[in-house]
Structure formats: C-alpha cells, structure tokens
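Have a look at the structure below before the remarks.
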Amino acid sequence: MASEFQKRVWEAVSLIPRGKVTTYKEIARFLNMKAYRAVGVALAKNPYAPKVPCHRVVKSNGEIGNYSAEGGVQKKAELLQKEGVEVKEGKIADFEKRLYKLKE
C-alpha cells in the first residue's frame with residue numbers, strides 16, 4: 001500500500017505536461033519540503049508508470065537520472081524523446097527551456 005507521501009509525489013508528477021520535465025528538487029519544493037531523495041524513492045515505487053509520468057522527472061543539472069521501470073534509463077530517454085524532449089549524452093537538451101515549475 002502506498003504512503004500518503006508517495007501519493008502526494010505521484011499527484012505532483014501528474015501535473016507535469018507532456019514535452020516538459022521537472023526535477024526531484026522542484027517536486028520537493030512544491031510539497032514544501034527538502035526531501036529530494038525521498039521524492040526519488042517514491043518515484044521508484046510508482047506502480048502507475050507511464051500514466052503517472054515519473055520519466056519526466058530529472059536531476060537539477062539536466063541529467064536524466066535513473067528509471068526503475070522496465071527498460072531502465074534507455075526507456076526513460078525513449079519516452080522523453082517520444083514526447084519531444086531531446087536527450088543528448090544523458091542530458092536534457094535545452095534544459096532551462098523544458099523545465100516545468102510546479103505552481104502551488
């Protein structure tokens with residue numbers, strides 16, 4: 001059974017539009033906390049991927065980070081590219097342009 005924290009993280013991730021990415025840190029900020037790593041752990045336990053699009057969450061430096069679903073990081077890059085987000089050498093191209101800031 002999912003914790004309330006996990007549910008809140010998954011709800012926040014569901015707000016990220018197609019063609020955009022956000023960061024673990026941005027999700028934590030949106031949830032009024034600094035638990036960046038806990039956000040990553042919650043996303044790793046996301047049973048609803050890709051409907052709850054955890055593949056749209058990346059590191060603050062633009063690197064795509066990990067992906068726990070089948071296919072791993074390669075699958076994450078493929079999903080992002082299908083949505084129009086270019087990935088070059090493990091990083092989001094035009095990261096600042098693609099970054100989505102969650103609104104409270």
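Following the order of the structure tokens, chains are lettered A, B, ..., residues in each are numbered from 1, and ligands are numbered from 1.
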- request: Excluding Gln6 of chain A and residues on its chain fewer than 5 positions from it, collect all residues at most 8 Å away from it, counting only C-alpha atoms, and give them as a ChimeraX atom specification.
  value: /A:39,42-43
I need the residues from that last selection saved to file as a tab-separated table (two decimals), in the first residue's frame (with C-alpha atoms), if you can.
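See out-v7.tsv below for the written result:
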```tsv
chain	number	residue	atom	x	y	z
A	39	VAL	CA	10.93	12.03	-3.86
A	42	ALA	CA	8.66	7.47	-4.08
A	43	LEU	CA	9.04	7.66	-7.85
```
Shell of 6 Å around Arg98 of chain A, only C-alpha atoms, local chain residues under 2 positions omitted, as a short mmCIF file (atom, residue, chain, number, x, y, z; two decimals) with N, CA and C atoms, in the first residue's frame:
```
data_model
loop_
_atom_site.label_atom_id
_atom_site.label_comp_id
_atom_site.auth_asym_id
_atom_site.auth_seq_id
_atom_site.Cartn_x
_atom_site.Cartn_y
_atom_site.Cartn_z
N LYS A 20 7.61 18.50 -21.27
CA LYS A 20 8.32 19.23 -20.22
C LYS A 20 8.92 18.24 -19.24
N VAL A 21 9.87 18.72 -18.45
CA VAL A 21 10.45 17.93 -17.36
C VAL A 21 10.49 18.81 -16.12
N PHE A 95 17.61 22.34 -21.46
CA PHE A 95 17.04 22.01 -20.15
C PHE A 95 16.22 23.16 -19.57
N GLU A 96 16.76 24.37 -19.56
CA GLU A 96 16.05 25.51 -18.96
C GLU A 96 14.73 25.78 -19.69
#
```
field: Filtered DSSP result for chain A, state alpha helix (DSSP H), as a PyMOL selection string
entry: chain A and resi 4-13+24-30+36-44+72-82+95-98
message: If we count only C-alpha atoms and set the cut-off at 12 Å, which residues sit around Val41 of chain A, ignoring sequence neighbours fewer than 3 positions away in its own chain? Please answer as JSON, numbers by chain.
response: {"A": [2, 3, 5, 6, 9, 10, 24, 35, 36, 37, 38, 44, 45, 46, 54, 66, 67, 68]}
message: Let me make sure I understand: among A:Glu89, A:Asp94, A:Glu104, A:Glu11, which one has the smallest atom-to-atom distance to Ala77 of chain A if we use only C-alpha atoms?
response: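 For Ala77 of chain A, the nearest of the candidates is A:Glu89.
Secondary structure from DSSP on the backbone puts strand (DSSP E) at the following positions of chain A: Thr22, Thr23, Val57, Val58, Val87, Lys88, Lys91 and Ile92 of chain A.
Compared by their closest atoms to Lys97 of chain A, and using only C-alpha atoms, the residues A:Thr22, A:Pro53, A:Met1, A:Gly72 rank with A:Thr22 nearest.
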message: Considering only C-alpha atoms, can you say which of A:Leu102, A:Val87, A:Val13, A:Ala28 comes closest to Pro50 of chain A?
response: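 Among A:Leu102, A:Val87, A:Val13, A:Ala28, it is A:Val13 that comes nearest to Pro50 of chain A.
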field: Which residue of A:Arg56, A:Lys88, A:Lys34, A:Lys75 approaches Ile16 of chain A most closely, using only C-alpha atoms
entry: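 When distances to Ile16 of chain A are compared using only C-alpha atoms, the smallest one comes from A:Arg56.
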